[in-house]
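What's in entry33.cif: mmCIF, C-alpha atoms and all ligand atoms; chains and numbers go by the auth columns
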```cif
data_coords
#
loop_
_atom_site.group_PDB
_atom_site.id
_atom_site.type_symbol
_atom_site.label_atom_id
_atom_site.label_comp_id
_atom_site.label_asym_id
_atom_site.label_seq_id
_atom_site.Cartn_x
_atom_site.Cartn_y
_atom_site.Cartn_z
_atom_site.B_iso_or_equiv
_atom_site.auth_seq_id
_atom_site.auth_asym_id
ATOM 1 C CA MET A 1 50.519 17.155 -70.627 0.00 266 S
ATOM 2 C CA ARG A 2 49.305 13.588 -70.794 0.00 267 S
ATOM 3 C CA LYS A 3 49.525 12.089 -74.271 0.00 268 S
ATOM 4 C CA PRO A 4 46.236 10.467 -75.330 0.00 269 S
ATOM 5 C CA ILE A 5 46.392 6.724 -75.910 0.00 270 S
ATOM 6 C CA ILE A 6 43.897 4.704 -77.925 0.00 271 S
ATOM 7 C CA VAL A 7 44.162 0.935 -77.971 0.00 272 S
ATOM 8 C CA GLY A 8 42.050 -1.436 -80.032 0.00 273 S
ATOM 9 C CA ASN A 9 41.325 -4.665 -78.199 0.00 274 S
ATOM 10 C CA TRP A 10 40.363 -7.279 -80.743 0.00 275 S
ATOM 11 C CA LYS A 11 39.684 -9.923 -78.078 0.00 276 S
ATOM 12 C CA MET A 12 39.193 -13.346 -79.767 0.00 277 S
ATOM 13 C CA ASN A 13 38.468 -11.888 -83.201 0.00 278 S
ATOM 14 C CA LYS A 14 40.370 -11.985 -86.506 0.00 279 S
ATOM 15 C CA GLY A 15 42.753 -14.738 -87.490 0.00 280 S
ATOM 16 C CA PRO A 16 45.933 -14.012 -89.504 0.00 281 S
ATOM 17 C CA GLU A 17 44.080 -13.632 -92.807 0.00 282 S
ATOM 18 C CA GLU A 18 41.539 -11.116 -91.575 0.00 283 S
ATOM 19 C CA ALA A 19 44.275 -9.293 -89.699 0.00 284 S
ATOM 20 C CA GLN A 20 46.226 -8.975 -92.918 0.00 285 S
ATOM 21 C CA LYS A 21 43.217 -7.491 -94.717 0.00 286 S
ATOM 22 C CA PHE A 22 42.846 -5.002 -91.876 0.00 287 S
ATOM 23 C CA TYR A 23 46.540 -4.116 -92.136 0.00 288 S
ATOM 24 C CA ILE A 24 46.289 -3.371 -95.852 0.00 289 S
ATOM 25 C CA GLU A 25 43.189 -1.215 -95.357 0.00 290 S
ATOM 26 C CA LEU A 26 44.585 0.721 -92.409 0.00 291 S
ATOM 27 C CA GLU A 27 47.879 1.280 -94.186 0.00 292 S
ATOM 28 C CA LYS A 28 46.017 2.937 -97.077 0.00 293 S
ATOM 29 C CA LEU A 29 44.046 5.144 -94.709 0.00 294 S
ATOM 30 C CA MET A 30 47.161 6.164 -92.798 0.00 295 S
ATOM 31 C CA LYS A 31 49.185 7.183 -95.852 0.00 296 S
ATOM 32 C CA ASN A 32 50.847 10.541 -95.175 0.00 297 S
ATOM 33 C CA LYS A 33 49.114 10.830 -91.832 0.00 298 S
ATOM 34 C CA THR A 34 51.014 11.517 -88.641 0.00 299 S
ATOM 35 C CA LEU A 35 49.248 11.022 -85.353 0.00 300 S
ATOM 36 C CA ASP A 36 50.044 12.970 -82.230 0.00 301 S
ATOM 37 C CA ILE A 37 48.588 10.311 -79.985 0.00 302 S
ATOM 38 C CA GLU A 38 49.850 6.936 -78.838 0.00 303 S
ATOM 39 C CA TRP A 39 47.998 3.943 -80.168 0.00 304 S
ATOM 40 C CA ALA A 40 48.176 0.172 -80.462 0.00 305 S
ATOM 41 C CA ILE A 41 46.245 -2.914 -81.404 0.00 306 S
ATOM 42 C CA ALA A 42 45.845 -5.855 -79.057 0.00 307 S
ATOM 43 C CA ALA A 43 45.381 -8.640 -81.570 0.00 308 S
ATOM 44 C CA PRO A 44 45.242 -12.374 -80.846 0.00 309 S
ATOM 45 C CA SER A 45 48.871 -13.550 -80.548 0.00 310 S
ATOM 46 C CA ILE A 46 48.589 -15.792 -83.571 0.00 311 S
ATOM 47 C CA SER A 47 47.484 -12.868 -85.782 0.00 312 S
ATOM 48 C CA MET A 48 50.104 -10.344 -84.727 0.00 313 S
ATOM 49 C CA VAL A 49 52.550 -11.280 -87.452 0.00 314 S
ATOM 50 C CA SER A 50 49.986 -10.059 -89.998 0.00 315 S
ATOM 51 C CA LEU A 51 50.098 -6.591 -88.426 0.00 316 S
ATOM 52 C CA MET A 52 53.859 -6.250 -88.639 0.00 317 S
ATOM 53 C CA ALA A 53 55.437 -4.127 -91.345 0.00 318 S
ATOM 54 C CA GLY A 54 57.309 -6.229 -93.861 0.00 319 S
ATOM 55 C CA ASP A 55 60.830 -5.641 -95.175 0.00 320 S
ATOM 56 C CA ASP A 56 59.469 -3.059 -97.593 0.00 321 S
ATOM 57 C CA LYS A 57 58.665 -0.914 -94.516 0.00 322 S
ATOM 58 C CA GLY A 58 54.934 -0.501 -94.485 0.00 323 S
ATOM 59 C CA LEU A 59 52.773 1.009 -91.743 0.00 324 S
ATOM 60 C CA TYR A 60 54.200 0.444 -88.281 0.00 325 S
ATOM 61 C CA ILE A 61 51.453 -0.750 -85.950 0.00 326 S
ATOM 62 C CA PRO A 62 52.351 -0.685 -82.258 0.00 327 S
ATOM 63 C CA LEU A 63 51.174 -3.944 -80.734 0.00 328 S
ATOM 64 C CA ALA A 64 49.698 -4.932 -77.404 0.00 329 S
ATOM 65 C CA ALA A 65 49.187 -8.334 -75.843 0.00 330 S
ATOM 66 C CA GLN A 66 45.808 -9.149 -74.301 0.00 331 S
ATOM 67 C CA ASN A 67 47.374 -10.941 -71.333 0.00 332 S
ATOM 68 C CA VAL A 68 50.696 -12.168 -69.955 0.00 333 S
ATOM 69 C CA HIS A 69 51.903 -14.556 -67.260 0.00 334 S
ATOM 70 C CA TYR A 70 53.936 -13.228 -64.348 0.00 335 S
ATOM 71 C CA GLU A 71 56.409 -16.137 -64.218 0.00 336 S
ATOM 72 C CA LYS A 72 59.501 -16.041 -66.416 0.00 337 S
ATOM 73 C CA SER A 73 58.952 -19.449 -68.032 0.00 338 S
ATOM 74 C CA GLY A 74 57.894 -22.969 -67.198 0.00 339 S
ATOM 75 C CA ALA A 75 54.998 -25.378 -67.144 0.00 340 S
ATOM 76 C CA PHE A 76 52.095 -22.977 -67.756 0.00 341 S
ATOM 77 C CA THR A 77 50.288 -24.422 -70.745 0.00 342 S
ATOM 78 C CA GLY A 78 48.629 -21.802 -72.893 0.00 343 S
ATOM 79 C CA GLU A 79 50.434 -18.814 -71.400 0.00 344 S
ATOM 80 C CA LEU A 80 52.969 -16.327 -72.759 0.00 345 S
ATOM 81 C CA SER A 81 55.849 -14.744 -70.825 0.00 346 S
ATOM 82 C CA LEU A 82 57.099 -11.172 -70.819 0.00 347 S
ATOM 83 C CA ASP A 83 60.337 -12.245 -72.507 0.00 348 S
ATOM 84 C CA MET A 84 58.311 -13.692 -75.361 0.00 349 S
ATOM 85 C CA LEU A 85 56.291 -10.498 -75.745 0.00 350 S
ATOM 86 C CA MET A 86 59.489 -8.444 -75.762 0.00 351 S
ATOM 87 C CA GLU A 87 61.139 -10.699 -78.310 0.00 352 S
ATOM 88 C CA TYR A 88 58.136 -10.025 -80.555 0.00 353 S
ATOM 89 C CA GLY A 89 58.504 -6.277 -80.059 0.00 354 S
ATOM 90 C CA LEU A 90 55.216 -5.732 -78.261 0.00 355 S
ATOM 91 C CA GLU A 91 54.880 -2.366 -76.536 0.00 356 S
ATOM 92 C CA TYR A 92 51.837 -2.812 -74.294 0.00 357 S
ATOM 93 C CA VAL A 93 49.987 -5.508 -72.415 0.00 358 S
ATOM 94 C CA ILE A 94 46.401 -5.377 -71.181 0.00 359 S
ATOM 95 C CA ILE A 95 46.178 -6.766 -67.665 0.00 360 S
ATOM 96 C CA GLY A 96 43.031 -7.605 -65.738 0.00 361 S
ATOM 97 C CA HIS A 97 40.458 -7.125 -68.490 0.00 362 S
ATOM 98 C CA SER A 98 37.000 -7.822 -67.063 0.00 363 S
ATOM 99 C CA GLU A 99 36.582 -10.788 -69.408 0.00 364 S
ATOM 100 C CA ARG A 100 39.715 -12.344 -67.946 0.00 365 S
ATOM 101 C CA ARG A 101 38.482 -11.617 -64.437 0.00 366 S
ATOM 102 C CA GLN A 102 35.050 -13.053 -65.247 0.00 367 S
ATOM 103 C CA TYR A 103 35.919 -16.160 -67.305 0.00 368 S
ATOM 104 C CA PHE A 104 39.521 -16.977 -66.412 0.00 369 S
ATOM 105 C CA ASN A 105 39.689 -16.433 -62.660 0.00 370 S
ATOM 106 C CA GLU A 106 41.861 -13.349 -62.881 0.00 371 S
ATOM 107 C CA THR A 107 41.839 -11.679 -59.459 0.00 372 S
ATOM 108 C CA ASP A 108 43.176 -8.420 -58.052 0.00 373 S
ATOM 109 C CA GLU A 109 46.100 -10.487 -56.715 0.00 374 S
ATOM 110 C CA THR A 110 47.075 -11.988 -60.089 0.00 375 S
ATOM 111 C CA VAL A 111 46.577 -8.579 -61.690 0.00 376 S
ATOM 112 C CA ASN A 112 49.001 -7.121 -59.154 0.00 377 S
ATOM 113 C CA LEU A 113 51.578 -9.872 -59.790 0.00 378 S
ATOM 114 C CA LYS A 114 51.346 -9.281 -63.531 0.00 379 S
ATOM 115 C CA ILE A 115 51.648 -5.498 -63.248 0.00 380 S
ATOM 116 C CA LYS A 116 54.696 -5.848 -60.998 0.00 381 S
ATOM 117 C CA ALA A 117 56.330 -8.437 -63.251 0.00 382 S
ATOM 118 C CA THR A 118 55.751 -6.229 -66.295 0.00 383 S
ATOM 119 C CA LEU A 119 57.235 -3.154 -64.612 0.00 384 S
ATOM 120 C CA ASN A 120 60.180 -5.026 -63.099 0.00 385 S
ATOM 121 C CA ASN A 121 61.124 -7.347 -65.944 0.00 386 S
ATOM 122 C CA SER A 122 60.266 -5.606 -69.193 0.00 387 S
ATOM 123 C CA ASP A 123 59.992 -2.320 -71.020 0.00 388 S
ATOM 124 C CA ILE A 124 56.383 -3.076 -71.892 0.00 389 S
ATOM 125 C CA THR A 125 53.669 -0.686 -70.683 0.00 390 S
ATOM 126 C CA PRO A 126 50.957 -2.381 -68.633 0.00 391 S
ATOM 127 C CA ILE A 127 47.364 -1.269 -69.217 0.00 392 S
ATOM 128 C CA MET A 128 45.392 -2.195 -66.120 0.00 393 S
ATOM 129 C CA ALA A 129 41.664 -2.557 -66.719 0.00 394 S
ATOM 130 C CA PHE A 130 39.109 -2.173 -63.953 0.00 395 S
ATOM 131 C CA GLY A 131 35.412 -1.427 -63.600 0.00 396 S
ATOM 132 C CA GLU A 132 32.174 -2.421 -61.955 0.00 397 S
ATOM 133 C CA THR A 133 29.479 -4.910 -62.984 0.00 398 S
ATOM 134 C CA GLU A 134 25.947 -3.826 -63.806 0.00 399 S
ATOM 135 C CA LYS A 135 24.725 -5.050 -60.411 0.00 400 S
ATOM 136 C CA GLU A 136 27.431 -3.106 -58.601 0.00 401 S
ATOM 137 C CA PHE A 137 26.500 -0.052 -60.651 0.00 402 S
ATOM 138 C CA ASP A 138 22.804 -0.464 -59.767 0.00 403 S
ATOM 139 C CA ASP A 139 23.703 -0.970 -56.108 0.00 404 S
ATOM 140 C CA LYS A 140 25.738 2.263 -56.235 0.00 405 S
ATOM 141 C CA LYS A 141 28.954 0.435 -55.436 0.00 406 S
ATOM 142 C CA THR A 142 30.952 1.771 -58.386 0.00 407 S
ATOM 143 C CA LEU A 143 33.322 3.925 -56.363 0.00 408 S
ATOM 144 C CA SER A 144 34.090 1.321 -53.718 0.00 409 S
ATOM 145 C CA VAL A 145 34.710 -1.359 -56.383 0.00 410 S
ATOM 146 C CA VAL A 146 36.978 0.939 -58.350 0.00 411 S
ATOM 147 C CA ARG A 147 38.861 1.906 -55.192 0.00 412 S
ATOM 148 C CA LYS A 148 39.474 -1.716 -54.254 0.00 413 S
ATOM 149 C CA GLN A 149 40.617 -2.718 -57.752 0.00 414 S
ATOM 150 C CA ILE A 150 43.065 0.177 -58.020 0.00 415 S
ATOM 151 C CA ASN A 151 44.367 -0.228 -54.451 0.00 416 S
ATOM 152 C CA ASN A 152 44.941 -3.949 -54.910 0.00 417 S
ATOM 153 C CA GLY A 153 46.135 -3.850 -58.504 0.00 418 S
ATOM 154 C CA LEU A 154 48.791 -1.206 -57.873 0.00 419 S
ATOM 155 C CA LYS A 155 49.813 -2.376 -54.398 0.00 420 S
ATOM 156 C CA GLY A 156 53.546 -2.359 -53.652 0.00 421 S
ATOM 157 C CA ILE A 157 54.573 -0.451 -56.759 0.00 422 S
ATOM 158 C CA ASN A 158 56.968 2.457 -56.402 0.00 423 S
ATOM 159 C CA PRO A 159 55.712 5.875 -57.554 0.00 424 S
ATOM 160 C CA ASN A 160 58.244 6.104 -60.382 0.00 425 S
ATOM 161 C CA ASP A 161 56.921 2.900 -61.880 0.00 426 S
ATOM 162 C CA ALA A 162 53.289 3.713 -61.152 0.00 427 S
ATOM 163 C CA LYS A 163 53.270 6.641 -63.539 0.00 428 S
ATOM 164 C CA GLU A 164 54.227 4.314 -66.386 0.00 429 S
ATOM 165 C CA VAL A 165 51.044 2.298 -65.927 0.00 430 S
ATOM 166 C CA VAL A 166 48.024 3.122 -68.070 0.00 431 S
ATOM 167 C CA LEU A 167 44.699 2.614 -66.312 0.00 432 S
ATOM 168 C CA ALA A 168 41.541 1.711 -68.219 0.00 433 S
ATOM 169 C CA TYR A 169 38.162 2.264 -66.624 0.00 434 S
ATOM 170 C CA GLU A 170 35.735 -0.117 -68.300 0.00 435 S
ATOM 171 C CA PRO A 171 32.298 -0.343 -66.686 0.00 436 S
ATOM 172 C CA ILE A 172 31.311 -3.928 -67.478 0.00 437 S
ATOM 173 C CA TRP A 173 27.731 -2.956 -68.262 0.00 438 S
ATOM 174 C CA ALA A 174 29.024 -0.774 -71.110 0.00 439 S
ATOM 175 C CA ILE A 175 31.250 -3.410 -72.754 0.00 440 S
ATOM 176 C CA GLY A 176 29.899 -4.673 -76.063 0.00 441 S
ATOM 177 C CA THR A 177 26.398 -3.552 -75.112 0.00 442 S
ATOM 178 C CA GLY A 178 26.174 -0.297 -77.022 0.00 443 S
ATOM 179 C CA LYS A 179 25.381 1.321 -73.647 0.00 444 S
ATOM 180 C CA THR A 180 28.186 3.839 -73.260 0.00 445 S
ATOM 181 C CA ALA A 181 28.668 5.572 -69.950 0.00 446 S
ATOM 182 C CA THR A 182 27.793 9.216 -70.497 0.00 447 S
ATOM 183 C CA PRO A 183 30.859 11.457 -70.762 0.00 448 S
ATOM 184 C CA LYS A 184 29.860 12.897 -67.382 0.00 449 S
ATOM 185 C CA GLN A 185 29.610 9.471 -65.733 0.00 450 S
ATOM 186 C CA ALA A 186 32.922 8.340 -67.206 0.00 451 S
ATOM 187 C CA GLN A 187 34.623 11.601 -66.229 0.00 452 S
ATOM 188 C CA SER A 188 33.389 11.409 -62.668 0.00 453 S
ATOM 189 C CA VAL A 189 34.620 7.832 -62.078 0.00 454 S
ATOM 190 C CA ILE A 190 37.919 8.516 -63.828 0.00 455 S
ATOM 191 C CA LYS A 191 38.454 11.675 -61.790 0.00 456 S
ATOM 192 C CA TYR A 192 37.776 9.643 -58.669 0.00 457 S
ATOM 193 C CA SER A 193 40.248 7.003 -59.886 0.00 458 S
ATOM 194 C CA ARG A 194 42.878 9.698 -60.285 0.00 459 S
ATOM 195 C CA SER A 195 42.250 10.800 -56.706 0.00 460 S
ATOM 196 C CA ILE A 196 42.919 7.241 -55.540 0.00 461 S
ATOM 197 C CA VAL A 197 46.201 7.251 -57.444 0.00 462 S
ATOM 198 C CA GLU A 198 47.015 10.517 -55.677 0.00 463 S
ATOM 199 C CA GLU A 199 46.302 8.964 -52.261 0.00 464 S
ATOM 200 C CA MET A 200 48.595 6.061 -53.124 0.00 465 S
ATOM 201 C CA PHE A 201 51.439 7.752 -54.992 0.00 466 S
ATOM 202 C CA GLY A 202 51.121 11.506 -54.613 0.00 467 S
ATOM 203 C CA LYS A 203 50.025 14.401 -56.768 0.00 468 S
ATOM 204 C CA GLU A 204 52.718 14.200 -59.428 0.00 469 S
ATOM 205 C CA VAL A 205 51.965 10.587 -60.310 0.00 470 S
ATOM 206 C CA ALA A 206 48.223 11.310 -60.308 0.00 471 S
ATOM 207 C CA GLN A 207 48.730 14.145 -62.763 0.00 472 S
ATOM 208 C CA GLU A 208 50.952 12.055 -65.027 0.00 473 S
ATOM 209 C CA ILE A 209 49.191 8.707 -65.075 0.00 474 S
ATOM 210 C CA ARG A 210 46.928 8.156 -68.057 0.00 475 S
ATOM 211 C CA ILE A 211 43.426 6.806 -67.612 0.00 476 S
ATOM 212 C CA GLN A 212 41.444 5.492 -70.557 0.00 477 S
ATOM 213 C CA TYR A 213 37.745 4.907 -70.866 0.00 478 S
ATOM 214 C CA GLY A 214 36.432 1.668 -72.405 0.00 479 S
ATOM 215 C CA GLY A 215 32.923 0.438 -73.155 0.00 480 S
ATOM 216 C CA SER A 216 31.177 0.957 -76.500 0.00 481 S
ATOM 217 C CA MET A 217 33.510 3.767 -77.503 0.00 482 S
ATOM 218 C CA LYS A 218 33.044 4.555 -81.193 0.00 483 S
ATOM 219 C CA PRO A 219 33.621 7.321 -83.746 0.00 484 S
ATOM 220 C CA GLU A 220 30.254 8.859 -82.831 0.00 485 S
ATOM 221 C CA ASN A 221 31.035 9.337 -79.152 0.00 486 S
ATOM 222 C CA ILE A 222 34.826 9.579 -78.895 0.00 487 S
ATOM 223 C CA GLN A 223 34.958 13.333 -79.221 0.00 488 S
ATOM 224 C CA GLU A 224 32.652 14.035 -76.294 0.00 489 S
ATOM 225 C CA LEU A 225 34.426 11.475 -74.157 0.00 490 S
ATOM 226 C CA MET A 226 37.874 12.823 -75.006 0.00 491 S
ATOM 227 C CA LYS A 227 36.779 16.355 -74.165 0.00 492 S
ATOM 228 C CA GLN A 228 36.506 15.363 -70.520 0.00 493 S
ATOM 229 C CA PRO A 229 39.492 16.659 -68.566 0.00 494 S
ATOM 230 C CA ASP A 230 40.434 13.357 -66.934 0.00 495 S
ATOM 231 C CA ILE A 231 39.855 10.991 -69.863 0.00 496 S
ATOM 232 C CA ASP A 232 43.155 10.333 -71.611 0.00 497 S
ATOM 233 C CA GLY A 233 42.162 7.801 -74.225 0.00 498 S
ATOM 234 C CA GLY A 234 40.155 4.727 -75.009 0.00 499 S
ATOM 235 C CA LEU A 235 40.299 0.965 -74.870 0.00 500 S
ATOM 236 C CA VAL A 236 38.093 -0.001 -77.756 0.00 501 S
ATOM 237 C CA GLY A 237 36.610 -3.380 -78.593 0.00 502 S
ATOM 238 C CA GLY A 238 33.976 -3.634 -81.359 0.00 503 S
ATOM 239 C CA ALA A 239 34.768 -0.332 -83.071 0.00 504 S
ATOM 240 C CA SER A 240 38.437 -1.286 -83.492 0.00 505 S
ATOM 241 C CA LEU A 241 37.653 -4.290 -85.666 0.00 506 S
ATOM 242 C CA ASP A 242 36.875 -2.268 -88.757 0.00 507 S
ATOM 243 C CA ALA A 243 39.829 -0.373 -90.240 0.00 508 S
ATOM 244 C CA LYS A 244 37.761 2.682 -91.235 0.00 509 S
ATOM 245 C CA SER A 245 36.151 2.978 -87.852 0.00 510 S
ATOM 246 C CA PHE A 246 39.457 2.456 -86.043 0.00 511 S
ATOM 247 C CA PHE A 247 41.065 5.095 -88.258 0.00 512 S
ATOM 248 C CA LYS A 248 38.272 7.538 -87.331 0.00 513 S
ATOM 249 C CA LEU A 249 38.953 6.851 -83.676 0.00 514 S
ATOM 250 C CA LEU A 250 42.677 7.488 -84.100 0.00 515 S
ATOM 251 C CA THR A 251 42.001 10.749 -85.910 0.00 516 S
ATOM 252 C CA TYR A 252 39.186 12.026 -83.672 0.00 517 S
ATOM 253 C CA LYS A 253 38.810 15.791 -83.644 0.00 518 S
ATOM 254 C CA LYS A 254 39.939 17.473 -80.476 0.00 519 S
HETATM 255 P P1 LIG B . 33.544 -2.579 -76.653 0.00 601 S
HETATM 256 O O1 LIG B . 34.208 -1.362 -77.214 0.00 601 S
HETATM 257 O O2 LIG B . 33.181 -3.592 -77.709 0.00 601 S
HETATM 258 O O3 LIG B . 32.385 -2.224 -75.776 0.00 601 S
HETATM 259 O O4 LIG B . 34.631 -3.319 -75.735 0.00 601 S
HETATM 260 C C1 LIG B . 35.301 -2.585 -74.785 0.00 601 S
HETATM 261 C C2 LIG B . 36.399 -3.414 -74.255 0.00 601 S
HETATM 262 O O5 LIG B . 36.179 -4.379 -73.538 0.00 601 S
HETATM 263 C C3 LIG B . 37.777 -3.058 -74.632 0.00 601 S
HETATM 264 O O6 LIG B . 38.695 -3.735 -73.859 0.00 601 S
#
```

Render the structure in this file as structure tokens.
Amino acid sequence: MRKPIIVGNWKMNKGPEEAQKFYIELEKLMKNKTLDIEWAIAAPSISMVSLMAGDDKGLYIPLAAQNVHYEKSGAFTGELSLDMLMEYGLEYVIIGHSERRQYFNETDETVNLKIKATLNNSDITPIMAFGETEKEFDDKKTLSVVRKQINNGLKGINPNDAKEVVLAYEPIWAIGTGKTATPKQAQSVIKYSRSIVEEMFGKEVAQEIRIQYGGSMKPENIQELMKQPDIDGGLVGGASLDAKSFFKLLTYKK
């Protein structure tokens, strides 16, 4: 059984003060609640300290980075290394988000280097995002785009490591637009993605690897999306910024 995984991606939202308010609110909501899913928040690096339980042992929030560099250290202004993320206790890192591909020249090749570095040099779980643009969707190129991104992103990884990766299918036309892919659309692309994993790494890995959906996921639509047999979780932007809404996502009804 694949354990569902829901990750809030805050992108460039919430400084330390707002993050602290969120922490206090979420902690109240989570009192006496145990979740049987995996979850995390990908906050801006500078705000992460506000999401960490203090000495008085408050709510433990698993944390994710929004990006990482594949080199160990050196002259890479503005970047963070895997060692730094580990020292901070981060558990996940999002790699290849469409916004990084679109605005920061992230390519399938750099995505692949980052995934390999994460698997080889850390105990952090990489979450590899992929998905087509609106034009590619209109031109009916979704499946070929998805195939290429998965083939290139996971190239050269051994099957044992591949099953540790979390994949996140995020159709770009659904990100921050309120236009969610229908559960059927999302299921069909994610099922196809799983078949590509099977071609690359075999049946066992394909059955074990988790694939999230991302793109305007919210409390109102999570249940239908999560009912789909191949959807194993969500990568959530806007709806993760509000503690109540994020809490509803984490406690969605199966
Ligand atoms: P939204 O949930 O705001 O559409 O963002 C999705 C996303 O990009 C998560 O990584």

Q) region 430-438 of chain S: which residues within 6 Å, counting all atoms listed in the file, same-chain residues fewer than 2 positions away excluded, as JSON, numbers by chain? A) {"S": [391, 392, 393, 394, 395, 396, 397, 398, 399, 427, 428, 440, 475, 476, 477, 478, 479, 480]}

Write out as JSON lines a residue-level contact list of chain S versus ligand LIG 601 (chain S) with cut-off 8 Å: for each qualifying residue the closest pair of atoms and the distance in Å to one decimal, counting all atoms listed in the file, rows sorted by chain and residue number upward.
```
{"residue": "S:Gly273", "atom": "CA", "partner": "S:LIG601", "partner_atom": "C3", "distance": 7.1}
{"residue": "S:Asn274", "atom": "CA", "partner": "S:LIG601", "partner_atom": "O6", "distance": 5.2}
{"residue": "S:Trp275", "atom": "CA", "partner": "S:LIG601", "partner_atom": "C3", "distance": 7.9}
{"residue": "S:Lys276", "atom": "CA", "partner": "S:LIG601", "partner_atom": "O6", "distance": 7.6}
{"residue": "S:His362", "atom": "CA", "partner": "S:LIG601", "partner_atom": "O6", "distance": 6.6}
{"residue": "S:Ser363", "atom": "CA", "partner": "S:LIG601", "partner_atom": "O5", "distance": 7.4}
{"residue": "S:Glu364", "atom": "CA", "partner": "S:LIG601", "partner_atom": "O5", "distance": 7.6}
{"residue": "S:Ala394", "atom": "CA", "partner": "S:LIG601", "partner_atom": "O6", "distance": 7.8}
{"residue": "S:Glu435", "atom": "CA", "partner": "S:LIG601", "partner_atom": "O5", "distance": 6.8}
{"residue": "S:Ile437", "atom": "CA", "partner": "S:LIG601", "partner_atom": "O5", "distance": 7.8}
{"residue": "S:Ala439", "atom": "CA", "partner": "S:LIG601", "partner_atom": "O3", "distance": 5.9}
{"residue": "S:Ile440", "atom": "CA", "partner": "S:LIG601", "partner_atom": "O3", "distance": 3.4}
{"residue": "S:Gly441", "atom": "CA", "partner": "S:LIG601", "partner_atom": "O3", "distance": 3.5}
{"residue": "S:Thr442", "atom": "CA", "partner": "S:LIG601", "partner_atom": "O3", "distance": 6.2}
{"residue": "S:Gly443", "atom": "CA", "partner": "S:LIG601", "partner_atom": "O3", "distance": 6.6}
{"residue": "S:Thr445", "atom": "CA", "partner": "S:LIG601", "partner_atom": "O3", "distance": 7.8}
{"residue": "S:Gly479", "atom": "CA", "partner": "S:LIG601", "partner_atom": "C1", "distance": 5.0}
{"residue": "S:Gly480", "atom": "CA", "partner": "S:LIG601", "partner_atom": "O3", "distance": 3.8}
{"residue": "S:Ser481", "atom": "CA", "partner": "S:LIG601", "partner_atom": "O3", "distance": 3.5}
{"residue": "S:Met482", "atom": "CA", "partner": "S:LIG601", "partner_atom": "O1", "distance": 5.2}
{"residue": "S:Lys483", "atom": "CA", "partner": "S:LIG601", "partner_atom": "O1", "distance": 7.2}
{"residue": "S:Leu500", "atom": "CA", "partner": "S:LIG601", "partner_atom": "C3", "distance": 4.8}
{"residue": "S:Val501", "atom": "CA", "partner": "S:LIG601", "partner_atom": "O1", "distance": 4.2}
{"residue": "S:Gly502", "atom": "CA", "partner": "S:LIG601", "partner_atom": "O1", "distance": 3.4}
{"residue": "S:Gly503", "atom": "CA", "partner": "S:LIG601", "partner_atom": "O2", "distance": 3.7}
{"residue": "S:Ala504", "atom": "CA", "partner": "S:LIG601", "partner_atom": "O1", "distance": 6.0}
{"residue": "S:Ser505", "atom": "CA", "partner": "S:LIG601", "partner_atom": "O1", "distance": 7.6}
```

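Going from CA of Ala471 (chain S) over to CA of Arg459 (chain S), you cover 5.6 Å.
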
Q | Selection: 8 Å around Ile415 (chain S), only C-alpha atoms, excl. self and same-chain fewer than 2 positions, as a PyMOL selection string | A | chain S and resi 395+411-413+417-419+458+461-462

(Q) Give me the residues near Gly343 (chain S) as a PyMOL selection string, where near means some atom within 12 Å (using all atoms listed in the file) and where sequence neighbours in that chain fewer than 3 positions away do not count. (A) chain S and resi 310+332-334+338-340+346

Q. Need the neighbours of (55.7, -1.4, -94.5): which residues are at most 12 Å away, counting only C-alpha atoms, as a ChimeraX atom specification?
A. /S:288-289,291-293,295-296,315-326

To verify the selection step, state as a short mmCIF file (atom, residue, chain, number, x, y, z; two decimals) with C-alpha atoms, keeping the file's coordinate frame which residues the PyMOL selection byres (((chain S and resi 303) around 8) and not hetatm) yields on this input.
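Ended up saving to result.cif:
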```cif
data_model
loop_
_atom_site.label_atom_id
_atom_site.label_comp_id
_atom_site.auth_asym_id
_atom_site.auth_seq_id
_atom_site.Cartn_x
_atom_site.Cartn_y
_atom_site.Cartn_z
CA LYS S 268 49.52 12.09 -74.27
CA PRO S 269 46.24 10.47 -75.33
CA ILE S 270 46.39 6.72 -75.91
CA ILE S 271 43.90 4.70 -77.92
CA LEU S 300 49.25 11.02 -85.35
CA ASP S 301 50.04 12.97 -82.23
CA ILE S 302 48.59 10.31 -79.98
CA TRP S 304 48.00 3.94 -80.17
CA ALA S 305 48.18 0.17 -80.46
#
```

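Take CA of Met349 (chain S) and CA of Phe287 (chain S): the distance between them is 24.2 Å.
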
Q) Which value, in Å to one decimal, gives the distance between CA of Glu290 (chain S) and CA of Asp507 (chain S)? A) 9.2 Å

Q | Using all atoms listed in the file: which of S:Pro281, S:Pro327, S:Tyr457, S:Leu350 has the shortest distance to Ser409 (chain S) | A | S:Tyr457

(Q) Can you translate the PyMOL selection byres (((chain S and resi 496) around 7) and not hetatm) into the concrete residues it hits in this file, as a list in words? (A)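 With the shown file as input, the PyMOL selection byres (((chain S and resi 496) around 7) and not hetatm) matches Gln452, Ile455, Ile476, Gln477, Tyr478, Leu490, Met491, Gln493, Pro494, Asp495, Asp497 and Gly498 of chain S.
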
Q. Counting only C-alpha atoms, which of S:Met266, S:Lys337, S:Val358, S:Thr383 gets nearest to Pro309 (chain S)?
A.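 Selected residue with least distance to Pro309 (chain S): S:Val358.
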
Q.
Calculated over all atoms listed in the file, which of the candidates S:Ala451, S:Leu345, S:Leu384, S:Gln414 has the smallest distance to Glu371 (chain S)?
A.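 For Glu371 (chain S), the nearest of the given residues is S:Gln414.
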
Q | Nearest residue to Ile389 (chain S) from the set S:Ile306, S:Gly421, S:Ala330, S:Leu515 (distances using all atoms listed in the file) | A |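 The closest residue to Ile389 (chain S) is S:Ala330.
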